[in-house]
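Q: Just model.txt, nothing more (compact mmCIF, C-alpha atoms):
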```
# COMPACT_ATOMS: atom_id res chain seq x y z
CA MET Y 27 35.32 23.69 14.00
CA ASN Y 28 38.98 23.93 15.10
CA CYS Y 29 40.37 20.72 13.59
CA GLN Y 30 43.70 21.03 15.42
CA GLU Y 31 41.98 21.19 18.83
CA LEU Y 32 39.61 18.43 17.84
CA SER Y 33 42.52 16.27 16.73
CA GLN Y 34 44.19 16.71 20.11
CA ASP Y 35 41.00 15.83 21.92
CA ILE Y 36 40.50 12.71 19.82
CA LYS Y 37 44.09 11.65 20.48
CA ARG Y 38 43.35 12.04 24.17
CA LEU Y 39 40.44 9.65 23.81
CA LYS Y 40 42.61 7.22 21.86
CA SER Y 41 45.22 7.29 24.64
CA LEU Y 42 42.57 6.46 27.21
CA ARG Y 43 41.22 3.72 24.95
CA ASN Y 44 44.68 2.18 24.63
CA SER Y 45 45.09 2.35 28.40
CA LEU Y 46 41.81 0.51 28.79
CA LYS Y 47 42.96 -2.15 26.33
CA GLU Y 48 46.16 -2.69 28.33
CA LYS Y 49 44.18 -3.03 31.55
CA VAL Y 50 41.82 -5.52 29.95
CA ASP Y 51 44.75 -7.54 28.58
CA SER Y 52 46.45 -7.70 31.97
CA ALA Y 53 43.37 -7.94 34.14
CA THR Y 54 42.93 -11.06 36.24
CA GLU Y 55 39.91 -12.40 38.04
CA THR Y 56 40.97 -10.41 41.10
CA GLY Y 57 38.90 -7.50 42.32
CA PHE Y 58 41.83 -5.15 41.65
CA GLY Y 59 41.86 -5.95 37.92
CA ARG Y 60 38.15 -5.25 37.55
CA ILE Y 61 38.43 -2.01 39.53
CA ALA Y 62 41.26 -0.81 37.30
CA VAL Y 63 39.26 -1.50 34.16
CA GLU Y 64 36.14 0.25 35.47
CA SER Y 65 38.23 3.25 36.54
CA VAL Y 66 39.61 3.76 33.04
CA LYS Y 67 36.14 3.27 31.53
CA GLU Y 68 34.86 6.10 33.72
CA ASP Y 69 37.78 8.29 32.61
CA ILE Y 70 36.98 7.64 28.95
CA THR Y 71 33.27 8.38 29.44
CA SER Y 72 34.00 11.64 31.25
CA ALA Y 73 36.53 12.73 28.61
CA ALA Y 74 34.17 11.85 25.77
CA ASP Y 75 31.34 13.87 27.34
CA GLN Y 76 33.61 16.90 27.74
CA ILE Y 77 34.81 16.71 24.14
CA LEU Y 78 31.35 16.19 22.69
CA GLU Y 79 29.88 19.04 24.74
CA LYS Y 80 32.70 21.25 23.47
CA TYR Y 81 32.01 20.47 19.82
CA VAL Y 82 28.30 19.58 19.82
CA ASN Y 83 27.13 22.59 17.76
CA ASP Y 84 29.97 22.32 15.27
CA PHE Y 85 29.40 18.59 14.85
CA TYR Y 86 25.81 19.11 13.76
CA GLU Y 87 26.55 22.12 11.58
CA LYS Y 88 29.25 20.16 9.73
CA ASN Y 89 27.37 16.84 9.78
CA PRO Y 90 23.67 17.59 9.14
CA GLU Y 91 23.10 13.95 8.17
CA LEU Y 92 23.47 13.05 11.87
CA LEU Y 93 20.23 14.92 12.60
CA HIS Y 94 17.63 12.66 11.04
CA VAL Y 95 14.38 10.80 11.56
CA THR Y 96 14.34 7.01 11.91
CA LEU Y 97 11.36 4.68 11.57
CA GLY Y 98 10.55 2.06 14.17
CA LYS Y 99 8.84 -1.26 13.45
CA ARG Y 100 5.51 -1.29 11.67
CA ILE Y 101 2.59 -1.37 14.12
CA ASP Y 102 0.29 -4.28 13.37
CA GLY Y 103 -3.46 -4.36 13.75
CA PHE Y 104 -4.79 -1.32 11.89
CA ALA Y 105 -7.57 -3.09 10.02
CA ASP Y 106 -10.93 -2.18 8.51
CA ALA Y 107 -14.31 -3.59 9.52
CA ASN Y 108 -13.59 -6.69 7.41
CA GLY Y 109 -10.28 -7.38 9.14
CA ASN Y 110 -8.06 -6.29 6.21
CA PRO Y 111 -5.11 -3.88 6.58
CA ALA Y 112 -6.56 -0.40 6.07
CA TRP Y 113 -5.24 2.91 4.77
CA VAL Y 114 -4.49 5.33 7.59
CA SER Y 115 -5.88 8.65 6.41
CA SER Y 116 -6.14 10.86 9.53
CA ILE Y 117 -4.60 11.16 13.01
CA ALA Y 118 -5.28 13.71 15.76
CA PRO Y 119 -4.55 14.16 19.50
CA ILE Y 120 -7.46 13.42 21.84
CA PRO Y 121 -7.96 16.47 24.10
CA GLY Y 122 -7.15 16.01 27.79
CA THR Y 123 -5.27 12.75 27.18
CA ASP Y 124 -1.93 11.46 25.89
CA ASN Y 125 -3.74 9.37 23.28
CA LEU Y 126 -4.37 9.77 19.55
CA LEU Y 127 -7.42 9.01 17.42
CA ILE Y 128 -6.59 7.31 14.12
CA GLY Y 129 -9.01 7.07 11.21
CA GLY Y 130 -8.84 5.06 8.01
CA ILE Y 131 -10.71 3.31 5.26
CA LEU Y 132 -13.98 1.38 5.74
CA GLY Y 133 -14.68 2.28 9.35
CA ALA Y 134 -11.13 1.79 10.64
CA LEU Y 135 -11.15 3.95 13.78
CA TYR Y 136 -8.80 3.31 16.71
CA GLU Y 137 -7.25 4.99 19.70
CA TYR Y 138 -3.46 4.85 19.96
CA GLN Y 139 -3.24 4.60 23.73
CA LYS Y 140 -0.45 5.43 26.15
CA GLN Y 141 0.38 2.57 28.54
CA GLN Y 142 1.56 2.75 32.16
CA ASP Y 143 5.15 2.10 31.09
CA GLY Y 144 4.99 5.09 28.70
CA SER Y 145 4.74 3.01 25.52
CA TYR Y 146 1.80 3.13 23.09
CA LYS Y 147 -0.38 0.49 21.50
CA LEU Y 148 -3.58 0.27 19.45
CA GLY Y 149 -6.81 -0.10 21.36
CA LYS Y 150 -9.90 -1.90 20.07
CA ARG Y 151 -11.60 -0.72 16.91
CA ILE Y 152 -14.35 1.83 17.62
CA ASP Y 153 -17.65 0.82 16.06
CA GLY Y 154 -20.36 3.10 14.76
CA PHE Y 155 -18.74 5.28 12.10
CA LYS Y 156 -21.36 4.78 9.40
CA HIS Y 157 -23.22 6.71 6.73
CA ALA Y 158 -26.99 7.03 6.35
CA SER Y 159 -27.37 3.55 4.80
CA GLY Y 160 -25.81 1.95 7.86
CA ASN Y 161 -22.61 0.81 6.15
CA THR Y 162 -19.17 1.64 7.52
CA THR Y 163 -17.42 4.51 5.75
CA SER Y 164 -13.94 5.99 5.45
CA ILE Y 165 -12.53 8.62 7.83
CA TYR Y 166 -10.56 11.44 6.20
CA SER Y 167 -10.27 14.26 8.75
CA ILE Y 168 -10.17 14.72 12.52
CA VAL Y 169 -9.75 17.98 14.47
CA HIS Y 170 -10.23 19.41 17.98
CA ILE Y 171 -13.47 21.36 18.53
CA PRO Y 172 -12.57 24.71 20.17
CA GLY Y 173 -13.79 25.27 23.71
CA THR Y 174 -14.52 21.58 24.25
CA ASP Y 175 -12.72 18.28 24.89
CA ASN Y 176 -14.36 16.79 21.80
CA LEU Y 177 -13.18 16.02 18.26
CA LEU Y 178 -14.96 16.49 14.94
CA ILE Y 179 -14.52 13.58 12.51
CA GLY Y 180 -15.34 13.69 8.81
CA GLY Y 181 -15.67 10.91 6.24
CA ASP Y 182 -17.36 9.77 3.04
CA ASP Y 183 -20.93 10.57 1.94
CA GLY Y 184 -21.33 13.59 4.22
CA VAL Y 185 -20.54 11.60 7.35
CA LEU Y 186 -19.71 13.88 10.26
CA TYR Y 187 -19.52 12.87 13.93
CA GLU Y 188 -18.34 14.29 17.22
CA TYR Y 189 -16.06 12.09 19.32
CA GLN Y 190 -17.30 13.18 22.73
CA LYS Y 191 -15.74 13.06 26.18
CA GLN Y 192 -17.91 11.35 28.80
CA GLN Y 193 -18.21 12.08 32.52
CA ASP Y 194 -15.91 9.17 33.37
CA GLY Y 195 -13.22 10.59 31.04
CA ALA Y 196 -13.76 8.02 28.28
CA TYR Y 197 -14.76 8.95 24.72
CA LYS Y 198 -17.49 7.69 22.43
CA LEU Y 199 -19.07 8.64 19.10
CA GLY Y 200 -22.03 10.98 19.24
CA LYS Y 201 -24.92 11.03 16.77
CA ARG Y 202 -24.22 11.58 13.08
CA ILE Y 203 -24.45 15.25 12.05
CA ASP Y 204 -26.55 15.74 8.92
CA GLY Y 205 -26.31 18.45 6.29
CA PHE Y 206 -22.83 18.27 4.76
CA GLU Y 207 -23.99 18.31 1.15
CA ASN Y 208 -22.97 19.66 -2.26
CA MET Y 209 -24.96 22.08 -4.44
CA ASN Y 210 -27.11 19.22 -5.72
CA GLY Y 211 -28.15 18.22 -2.22
CA SER Y 212 -26.11 15.02 -2.25
CA PRO Y 213 -23.86 14.08 0.73
CA ALA Y 214 -20.24 15.07 0.03
CA ARG Y 215 -16.92 13.69 1.23
CA VAL Y 216 -15.38 15.61 4.20
CA THR Y 217 -11.70 15.99 3.35
CA SER Y 218 -10.38 18.82 5.57
CA ILE Y 219 -11.23 20.60 8.81
CA ALA Y 220 -9.43 23.52 10.47
CA HIS Y 221 -9.91 25.99 13.34
CA ILE Y 222 -10.95 29.51 12.26
CA PRO Y 223 -8.62 32.01 14.03
CA GLY Y 224 -10.21 34.33 16.57
CA THR Y 225 -13.38 32.27 16.77
CA ASP Y 226 -14.72 29.07 18.30
CA ASN Y 227 -15.75 27.85 14.85
CA LEU Y 228 -14.30 25.35 12.38
CA LEU Y 229 -14.02 25.50 8.60
CA ILE Y 230 -14.91 22.22 6.88
CA GLY Y 231 -14.07 21.45 3.25
CA GLY Y 232 -15.11 18.64 0.97
CA HIS Y 233 -15.73 17.51 -2.59
CA PHE Y 234 -17.19 19.65 -5.39
CA GLY Y 235 -16.70 23.00 -3.70
CA VAL Y 236 -18.41 22.05 -0.45
CA LEU Y 237 -17.31 24.51 2.26
CA TYR Y 238 -19.07 25.09 5.59
CA GLU Y 239 -18.46 26.66 8.96
CA TYR Y 240 -19.16 24.47 11.99
CA GLN Y 241 -20.42 27.22 14.27
CA LYS Y 242 -20.70 27.44 18.03
CA GLN Y 243 -24.18 28.43 19.16
CA PRO Y 244 -25.06 30.54 22.25
CA ASN Y 245 -25.57 28.18 25.18
CA SER Y 246 -25.94 25.18 22.87
CA PRO Y 247 -23.89 22.73 20.81
CA TYR Y 248 -22.36 23.32 17.38
CA LYS Y 249 -24.17 23.20 14.08
CA LEU Y 250 -23.37 23.60 10.39
CA GLY Y 251 -23.82 27.07 8.91
CA LYS Y 252 -24.75 27.82 5.32
CA MET Y 253 -22.58 26.54 2.50
CA ILE Y 254 -19.93 29.06 1.38
CA ASP Y 255 -19.98 29.62 -2.37
CA GLY Y 256 -17.10 30.42 -4.69
CA PHE Y 257 -14.49 27.66 -4.33
CA GLU Y 258 -13.93 27.09 -8.04
CA ASP Y 259 -11.18 26.19 -10.50
CA THR Y 260 -9.92 28.31 -13.41
CA ASP Y 261 -12.85 27.22 -15.57
CA GLY Y 262 -15.42 28.27 -12.98
CA ARG Y 263 -16.23 24.69 -11.93
CA ARG Y 264 -16.56 23.67 -8.30
CA THR Y 265 -13.55 21.67 -7.14
CA HIS Y 266 -12.41 19.63 -4.14
CA ILE Y 267 -11.07 21.21 -0.94
CA ASN Y 268 -8.13 19.12 0.27
CA SER Y 269 -6.26 21.21 2.84
CA ILE Y 270 -6.73 24.21 5.14
CA ALA Y 271 -4.15 25.95 7.34
CA ARG Y 272 -3.74 29.21 9.25
CA ILE Y 273 -1.58 31.90 7.64
CA PRO Y 274 1.08 32.98 10.20
CA GLY Y 275 0.75 36.46 11.62
CA THR Y 276 -2.83 36.83 10.38
CA ASP Y 277 -6.37 35.74 11.21
CA ASN Y 278 -6.75 34.28 7.73
CA LEU Y 279 -6.69 30.72 6.41
CA LEU Y 280 -5.15 29.32 3.24
CA ILE Y 281 -7.30 26.74 1.46
CA GLY Y 282 -5.99 24.36 -1.21
CA GLY Y 283 -7.87 22.21 -3.65
CA ASN Y 284 -7.74 20.41 -6.98
CA ASP Y 285 -6.36 21.90 -10.19
CA GLY Y 286 -4.05 24.38 -8.47
CA VAL Y 287 -6.92 26.09 -6.67
CA LEU Y 288 -5.62 28.18 -3.77
CA TYR Y 289 -7.68 30.75 -1.84
CA GLU Y 290 -7.38 32.82 1.30
CA TYR Y 291 -10.32 32.75 3.70
CA GLN Y 292 -10.04 36.31 4.95
CA LYS Y 293 -11.28 37.99 8.12
CA GLN Y 294 -13.29 41.15 7.47
CA GLN Y 295 -13.57 44.33 9.55
CA ASP Y 296 -16.86 43.16 11.04
CA GLY Y 297 -15.22 39.89 12.16
CA ALA Y 298 -16.87 37.75 9.50
CA TYR Y 299 -14.92 35.70 6.93
CA LYS Y 300 -15.14 35.43 3.16
CA LEU Y 301 -13.14 33.93 0.30
CA GLY Y 302 -10.53 36.15 -1.31
CA LYS Y 303 -9.24 35.92 -4.88
CA ARG Y 304 -7.79 32.73 -6.27
CA THR Y 305 -3.96 32.48 -6.21
CA LYS Y 306 -2.43 31.22 -9.48
CA TRP Y 307 0.60 29.21 -10.60
CA PHE Y 308 0.56 26.15 -8.31
CA THR Y 309 1.89 23.66 -10.88
CA GLY Y 310 3.69 20.32 -10.94
CA ALA Y 311 7.27 19.58 -11.96
CA TYR Y 312 6.59 18.28 -15.49
CA SER Y 313 3.41 20.09 -16.50
CA SER Y 314 2.18 23.47 -17.81
CA HIS Y 315 -1.10 22.34 -15.93
CA PRO Y 316 -2.13 23.23 -12.28
CA ALA Y 317 -1.48 20.58 -9.63
CA SER Y 318 -3.81 19.59 -6.80
CA ILE Y 319 -2.87 20.91 -3.36
CA ARG Y 320 -2.78 18.18 -0.71
CA SER Y 321 -1.07 19.64 2.36
CA ILE Y 322 -0.25 23.01 3.97
CA VAL Y 323 1.75 23.68 7.16
CA HIS Y 324 3.54 26.51 9.00
CA ILE Y 325 7.35 26.58 8.62
CA PRO Y 326 8.96 26.89 12.11
CA GLY Y 327 10.78 30.13 12.86
CA THR Y 328 9.22 31.93 9.89
CA ASP Y 329 5.97 33.56 8.80
CA ASN Y 330 5.84 31.29 5.76
CA LEU Y 331 3.88 28.16 4.86
CA LEU Y 332 4.99 25.02 3.03
CA ILE Y 333 2.48 23.72 0.48
CA GLY Y 334 2.62 20.30 -1.12
CA GLY Y 335 0.70 18.80 -4.01
CA ASP Y 336 0.71 16.39 -6.94
CA PHE Y 337 3.63 15.75 -9.33
CA GLY Y 338 6.27 16.97 -6.89
CA ALA Y 339 4.63 20.38 -6.51
CA LEU Y 340 6.25 21.87 -3.39
CA TYR Y 341 6.24 25.59 -2.70
CA GLU Y 342 6.73 28.10 0.08
CA TYR Y 343 3.95 30.64 0.53
CA GLN Y 344 6.13 33.56 1.54
CA LYS Y 345 5.35 36.72 3.48
CA GLN Y 346 6.39 39.91 1.68
CA GLN Y 347 7.62 43.20 3.15
CA ASP Y 348 4.20 44.78 2.70
CA GLY Y 349 2.63 41.93 4.72
CA SER Y 350 1.06 40.17 1.73
CA TYR Y 351 1.88 36.60 0.67
CA LYS Y 352 2.91 35.05 -2.62
CA LEU Y 353 4.23 31.71 -3.90
CA GLY Y 354 7.99 31.33 -4.09
CA LYS Y 355 9.81 29.16 -6.63
CA ARG Y 356 9.01 25.44 -6.84
CA ILE Y 357 11.30 23.33 -4.62
CA ASP Y 358 12.85 20.50 -6.60
CA GLY Y 359 13.73 17.02 -5.44
CA PHE Y 360 10.57 15.50 -3.98
CA LYS Y 361 10.75 12.10 -5.68
CA HIS Y 362 10.10 8.45 -4.84
CA ALA Y 363 12.66 5.65 -4.96
CA SER Y 364 12.50 5.31 -8.74
CA GLY Y 365 13.46 8.94 -9.21
CA ASN Y 366 10.11 10.28 -10.47
CA THR Y 367 8.29 13.20 -8.86
CA THR Y 368 5.49 12.13 -6.54
CA SER Y 369 2.52 13.55 -4.66
CA ILE Y 370 2.91 15.24 -1.28
CA TYR Y 371 0.15 14.28 1.14
CA SER Y 372 1.27 15.24 4.63
CA ILE Y 373 3.63 17.68 6.35
CA VAL Y 374 4.28 18.12 10.09
CA HIS Y 375 6.72 19.80 12.47
CA ILE Y 376 9.41 17.48 13.90
CA PRO Y 377 9.43 17.88 17.72
CA GLY Y 378 12.52 19.46 19.20
CA THR Y 379 13.75 20.82 15.85
CA ASP Y 380 13.01 23.57 13.35
CA ASN Y 381 12.53 20.96 10.64
CA LEU Y 382 9.47 19.46 8.96
CA LEU Y 383 8.70 15.88 7.94
CA ILE Y 384 7.04 15.49 4.54
CA GLY Y 385 5.28 12.37 3.29
CA GLY Y 386 4.17 11.44 -0.21
CA ALA Y 387 3.32 8.56 -2.54
CA ASP Y 388 5.41 5.40 -3.04
CA GLY Y 389 7.28 5.67 0.26
CA ALA Y 390 8.60 9.20 -0.37
CA LEU Y 391 9.54 10.57 3.07
CA TYR Y 392 11.80 13.59 3.52
CA GLU Y 393 12.93 16.15 6.07
CA TYR Y 394 12.67 19.81 5.13
CA GLN Y 395 15.73 21.03 7.02
CA LYS Y 396 16.68 24.45 8.33
CA GLN Y 397 20.12 25.63 7.17
CA GLN Y 398 22.68 27.84 8.90
CA ASP Y 399 21.55 30.89 6.94
CA GLY Y 400 17.93 30.32 8.05
CA SER Y 401 16.73 28.96 4.71
CA TYR Y 402 15.30 25.47 4.22
CA LYS Y 403 16.06 22.62 1.84
CA LEU Y 404 15.08 18.97 1.36
CA GLY Y 405 17.27 16.36 3.01
CA LYS Y 406 17.78 12.80 1.77
CA MET Y 407 14.84 10.44 1.33
CA ILE Y 408 14.12 8.27 4.39
CA ASP Y 409 13.73 4.63 3.39
CA GLY Y 410 11.56 1.96 4.93
CA PHE Y 411 7.97 3.20 4.83
CA GLU Y 412 6.25 0.05 3.60
CA ASP Y 413 2.85 -1.61 3.73
CA SER Y 414 2.06 -4.98 5.28
CA ASP Y 415 3.35 -6.74 2.15
CA GLY Y 416 6.71 -4.97 2.25
CA TYR Y 417 6.13 -2.53 -0.63
CA PRO Y 418 6.73 1.26 -0.44
CA THR Y 419 3.37 2.92 0.17
CA SER Y 420 1.80 6.35 0.36
CA ILE Y 421 2.12 8.47 3.51
CA TYR Y 422 -1.23 10.09 4.22
CA SER Y 423 -0.99 11.37 7.79
CA ILE Y 424 1.68 12.40 10.31
CA THR Y 425 1.04 13.61 13.88
CA HIS Y 426 3.09 14.34 17.01
CA ILE Y 427 2.64 11.72 19.77
CA PRO Y 428 1.73 13.54 23.01
CA GLY Y 429 4.30 13.48 25.79
CA THR Y 430 7.08 12.29 23.47
CA ASP Y 431 9.44 13.57 20.79
CA ASN Y 432 8.11 10.93 18.39
CA LEU Y 433 5.72 11.05 15.45
CA LEU Y 434 3.00 8.63 14.34
CA ILE Y 435 2.90 8.13 10.57
CA GLY Y 436 0.07 6.44 8.69
CA GLY Y 437 -0.17 5.28 5.08
CA GLY Y 438 -1.59 2.73 2.69
CA GLY Y 439 -2.09 -0.99 3.32
CA GLY Y 440 -2.02 -0.80 7.12
CA ALA Y 441 1.29 1.07 7.17
CA LEU Y 442 1.56 2.60 10.64
CA TYR Y 443 4.90 3.58 12.16
CA GLU Y 444 6.41 5.57 14.99
CA ALA Y 445 9.26 7.82 13.93
CA CYS Y 446 11.94 9.12 16.28
CA ALA Y 447 13.83 12.37 15.69
CA ASN Y 448 17.52 11.94 16.49
CA LEU Y 449 18.14 15.20 18.31
CA PRO Y 450 21.55 16.79 18.99
CA SER Y 451 22.15 15.06 22.30
CA LEU Y 452 25.30 13.58 23.79
CA SER Y 453 23.89 10.07 23.57
CA ASN Y 454 23.28 10.42 19.82
CA LEU Y 455 26.68 12.00 19.30
CA LYS Y 456 28.40 9.14 21.11
CA ARG Y 457 26.83 6.67 18.70
CA SER Y 458 27.90 8.84 15.79
CA LEU Y 459 31.44 9.56 17.02
CA PRO Y 460 33.21 6.94 14.85
CA GLN Y 461 31.84 8.33 11.60
CA ILE Y 462 32.53 11.90 12.75
CA ILE Y 463 36.17 11.01 13.38
CA ASN Y 464 36.51 9.25 10.02
CA LYS Y 465 34.93 12.11 8.12
CA ASN Y 466 36.60 15.10 9.74
CA ILE Y 467 40.02 14.16 11.06
CA GLN Y 468 41.28 11.04 9.32
CA GLN Y 469 44.56 12.78 8.61
CA ASP Y 470 45.19 13.46 12.29
CA VAL Y 471 44.17 10.17 13.91
```
I'd like the structure from this file rewritten - as structure tokens, please.

A:
Amino acid sequence: MNCQELSQDIKRLKSLRNSLKEKVDSATETGFGRIAVESVKEDITSAADQILEKYVNDFYEKNPELLHVTLGKRIDGFADANGNPAWVSSIAPIPGTDNLLIGGILGALYEYQKQQDGSYKLGKRIDGFKHASGNTTSIYSIVHIPGTDNLLIGGDDGVLYEYQKQQDGAYKLGKRIDGFENMNGSPARVTSIAHIPGTDNLLIGGHFGVLYEYQKQPNSPYKLGKMIDGFEDTDGRRTHINSIARIPGTDNLLIGGNDGVLYEYQKQQDGAYKLGKRTKWFTGAYSSHPASIRSIVHIPGTDNLLIGGDFGALYEYQKQQDGSYKLGKRIDGFKHASGNTTSIYSIVHIPGTDNLLIGGADGALYEYQKQQDGSYKLGKMIDGFEDSDGYPTSIYSITHIPGTDNLLIGGGGGALYEACANLPSLSNLKRSLPQIINKNIQQDV
């Protein structure tokens, strides 16, 4: 940024501001006085736009704190079947609409619906998400079913439903899908679902090593395939599957679980998939012990993934020159308000930017920000993510709101917020101009 030129431009704005002040001081109730004031206001607006357009890139390079995410007001009404504020554990876009489906604890299932004026609000709670005993159950994962306008929803005790589009365009729950069970034949929690690249199938993960494909049948609906063996910890015990994501530039998936368990689900020459070898060294900040892996997401503009887990465990899964992947160094700084490392539950791309938003326990909410040299680093913690009682709470799910540059963020105790990314626009720069002037050119103004 050329500070001398910027100083001159700011002085030009100050001169116009002073002229406006004189006009206001001398203005009468006559039409001429009002016209004179409005004329100078237009001059100032035009000059400000020209100056900000001239320096917009430099402003944001020198003032990265101006590019940040802000939380709106908490959205009331996300309650369980008993009417109590519920944890928000999963959010996904509803195909063919601008709405979202939001799932939580104890049968809390809602649509977040776009209104005619472009705003969003919660619809009525959707009944019927129950396990075999007829009691309502929690909802942990929601994903689009390839080749359809339907969603697959997973919950506790092997509960698996399709959320199906009807002829009139509305959606309703289908029949419960049986068969999601562990090695002992008991229903298992459904914690993660992801699309399998190059296929119309889904990979579904759950507790105690439960891993299935949800497979498209010829000329018929989907059904569960056989359970996939081998998802085990370092001691050979079956462990939970918490997160699944596509590996950029490949047809493989990365699967994360408890106790540092990290596997690739690899495409074979015949088009089938199988588990690769376990990847080691996913550990927390203050332990020699492996940390559970809670979230995995693609880093924009790269072929790398960002992986988050317990005890501040945050790593990039980095592509090497030979095309393979390996874990980079642990990224420090993911802490809650008290300064202790905290779990990382959710990561998502911030619309209109190359940054990511990362959510964890105890209100820990950060941007993972792209730097000028193309690398990434954590920004400052974003305050204000609180439950219905006003306490910092865990951030379990983050999803882009269709048709907007906003995000919907869900957490514990009925915490549900919209977040807005402050993008590098003239309107945002105008609001930030005073602090820019004070920071960069105090000596010249």

Q: Enter the distance from atom CA of Gly235 of chain Y to atom CA of Gly310 of chain Y, in Å, rounded to one decimal.

A: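 Pair atom CA of Gly235 of chain Y / atom CA of Gly310 of chain Y returns 21.8 Å.
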
Q: Show which residues sit within 9 Å of segment 282-294 of chain Y, as a PyMOL selection string. Count only C-alpha atoms, and ignore same-chain residues fewer than 6 positions away.

A: chain Y and resi 223+235+257-260+265-271+273+276+300-309+315-322+333+335

Q: Please indicate the distance in Å from atom CA of Lys140 of chain Y to atom CA of Ala220 of chain Y, rounded to one decimal place.

A: 25.6 Å

Q: Give me the residues near segment 374-391 of chain Y as a list in words, where near means some atom within 6 Å (using all atoms listed in the file) and where sequence neighbours in that chain fewer than 6 positions away do not count.

A: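 My reading of the contact set: Pro326, His362, Thr368, Met407, Ile408, Phe411, Pro418, Thr419, Ser420, Ile421 and Asp431 of chain Y.
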
Q: What's the separation between atom CA of Arg356 of chain Y and atom CA of Tyr402 of chain Y, in Å to one decimal place?

A: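 Here the two named atoms are 12.7 Å from each other.
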
Q: Which residues are near Lys355 of chain Y? Cut-off 9 Å, all atoms listed in the file, ignore same chain within fewer than 4 positions. Put them as a list in words.

A: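 The neighbour list is Leu340, Tyr341 and Glu342 of chain Y.
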
Q: Please produce a file of the residues just selected, as a compact mmCIF listing (two decimals), in the coordinates of the input, where the atoms kept are C-alpha atoms.

A:
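Once everything was written out, this is part-v4.txt:
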```
# COMPACT_ATOMS: atom_id res chain seq x y z
CA LEU Y 340 6.25 21.87 -3.39
CA TYR Y 341 6.24 25.59 -2.70
CA GLU Y 342 6.73 28.10 0.08
```

Q: Using only C-alpha atoms, find the one residue out of Y:Ile165, Y:Ile152, Y:Leu229, Y:Ile427 that sits nearest to Leu186 of chain Y.

A: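 When distances to Leu186 of chain Y are compared using only C-alpha atoms, the smallest one comes from Y:Ile165.
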
Q: Given only C-alpha atoms as the basis, pick out the residue of Y:Leu97, Y:Ile373, Y:Ala112, Y:Ile325 nearest to Asn432 of chain Y.

A: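 Smallest distance to Asn432 of chain Y is found for Y:Leu97.
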
Q: Return the single residue from Y:His233, Y:Lys403, Y:Lys191, Y:Lys249 that is closest to Asp358 of chain Y, with distances computed using all atoms listed in the file.

A: Y:Lys403

Q: Go through Y:Gly400, Y:Tyr299, Y:Gly109, Y:Lys198 one by one, measure the shortest atom-to-atom distance of each to Glu137 of chain Y using all atoms listed in the file, and give the residue with the smallest value.

A: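 Smallest distance to Glu137 of chain Y is found for Y:Lys198.
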
Q: Measuring between only C-alpha atoms, which one of Y:Pro119, Y:Pro274, Y:Gly154, Y:Gly231 shows the shortest distance to Gln139 of chain Y?

A: Y:Pro119

Q: Which residues are near Asn330 of chain Y? Cut-off 6 Å, only C-alpha atoms, ignore same chain within fewer than 6 positions. Put them as a short mmCIF file (atom, residue, chain, number, x, y, z; two decimals) with C-alpha atoms, in the coordinates of the input.

A:
```cif
data_model
loop_
_atom_site.label_atom_id
_atom_site.label_comp_id
_atom_site.auth_asym_id
_atom_site.auth_seq_id
_atom_site.Cartn_x
_atom_site.Cartn_y
_atom_site.Cartn_z
CA TYR Y 343 3.95 30.64 0.53
CA GLN Y 344 6.13 33.56 1.54
CA LYS Y 345 5.35 36.72 3.48
#
```

Q: Quick one: residues within 12 Å of Lys150 of chain Y, all atoms listed in the file counted, chain neighbours fewer than 5 positions away excluded, as a ChimeraX atom specification?

A: /Y:103-107,127-128,134-139

Q: Which one is closest to Gly438 of chain Y: Y:Gln243, Y:Ser115, Y:Asn110, Y:Thr96? Count all atoms listed in the file.

A: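 Using all atoms listed in the file, Gly438 of chain Y sits closest to Y:Ser115.
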
Q: Add whatever atoms are absent from segment 169-176 of chain Y to reach N, CA and C atoms, and provide the output as a PDB file, in the coordinates of the input.

A:
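See part.pdb below for the written result:
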```
ATOM      1  N   VAL Y 169     -10.312  16.764  13.862  1.00  0.00           N
ATOM      2  CA  VAL Y 169      -9.750  17.980  14.470  1.00  0.00           C
ATOM      3  C   VAL Y 169     -10.448  18.294  15.787  1.00  0.00           C
ATOM      4  N   HIS Y 170      -9.724  18.978  16.674  1.00  0.00           N
ATOM      5  CA  HIS Y 170     -10.230  19.410  17.980  1.00  0.00           C
ATOM      6  C   HIS Y 170     -11.305  20.482  17.808  1.00  0.00           C
ATOM      7  N   ILE Y 171     -12.408  20.351  18.541  1.00  0.00           N
ATOM      8  CA  ILE Y 171     -13.470  21.360  18.530  1.00  0.00           C
ATOM      9  C   ILE Y 171     -13.159  22.408  19.587  1.00  0.00           C
ATOM     10  N   PRO Y 172     -12.966  23.676  19.200  1.00  0.00           N
ATOM     11  CA  PRO Y 172     -12.570  24.710  20.170  1.00  0.00           C
ATOM     12  C   PRO Y 172     -13.541  24.834  21.336  1.00  0.00           C
ATOM     13  N   GLY Y 173     -12.970  25.066  22.527  1.00  0.00           N
ATOM     14  CA  GLY Y 173     -13.790  25.270  23.710  1.00  0.00           C
ATOM     15  C   GLY Y 173     -14.393  24.020  24.287  1.00  0.00           C
ATOM     16  N   THR Y 174     -13.996  22.854  23.759  1.00  0.00           N
ATOM     17  CA  THR Y 174     -14.520  21.580  24.250  1.00  0.00           C
ATOM     18  C   THR Y 174     -13.370  20.578  24.357  1.00  0.00           C
ATOM     19  N   ASP Y 175     -13.667  19.410  24.910  1.00  0.00           N
ATOM     20  CA  ASP Y 175     -12.720  18.280  24.890  1.00  0.00           C
ATOM     21  C   ASP Y 175     -13.115  17.257  23.841  1.00  0.00           C
ATOM     22  N   ASN Y 176     -13.861  17.702  22.841  1.00  0.00           N
ATOM     23  CA  ASN Y 176     -14.360  16.790  21.800  1.00  0.00           C
ATOM     24  C   ASN Y 176     -13.600  16.968  20.492  1.00  0.00           C
TER      25      ASN Y 176
END
```
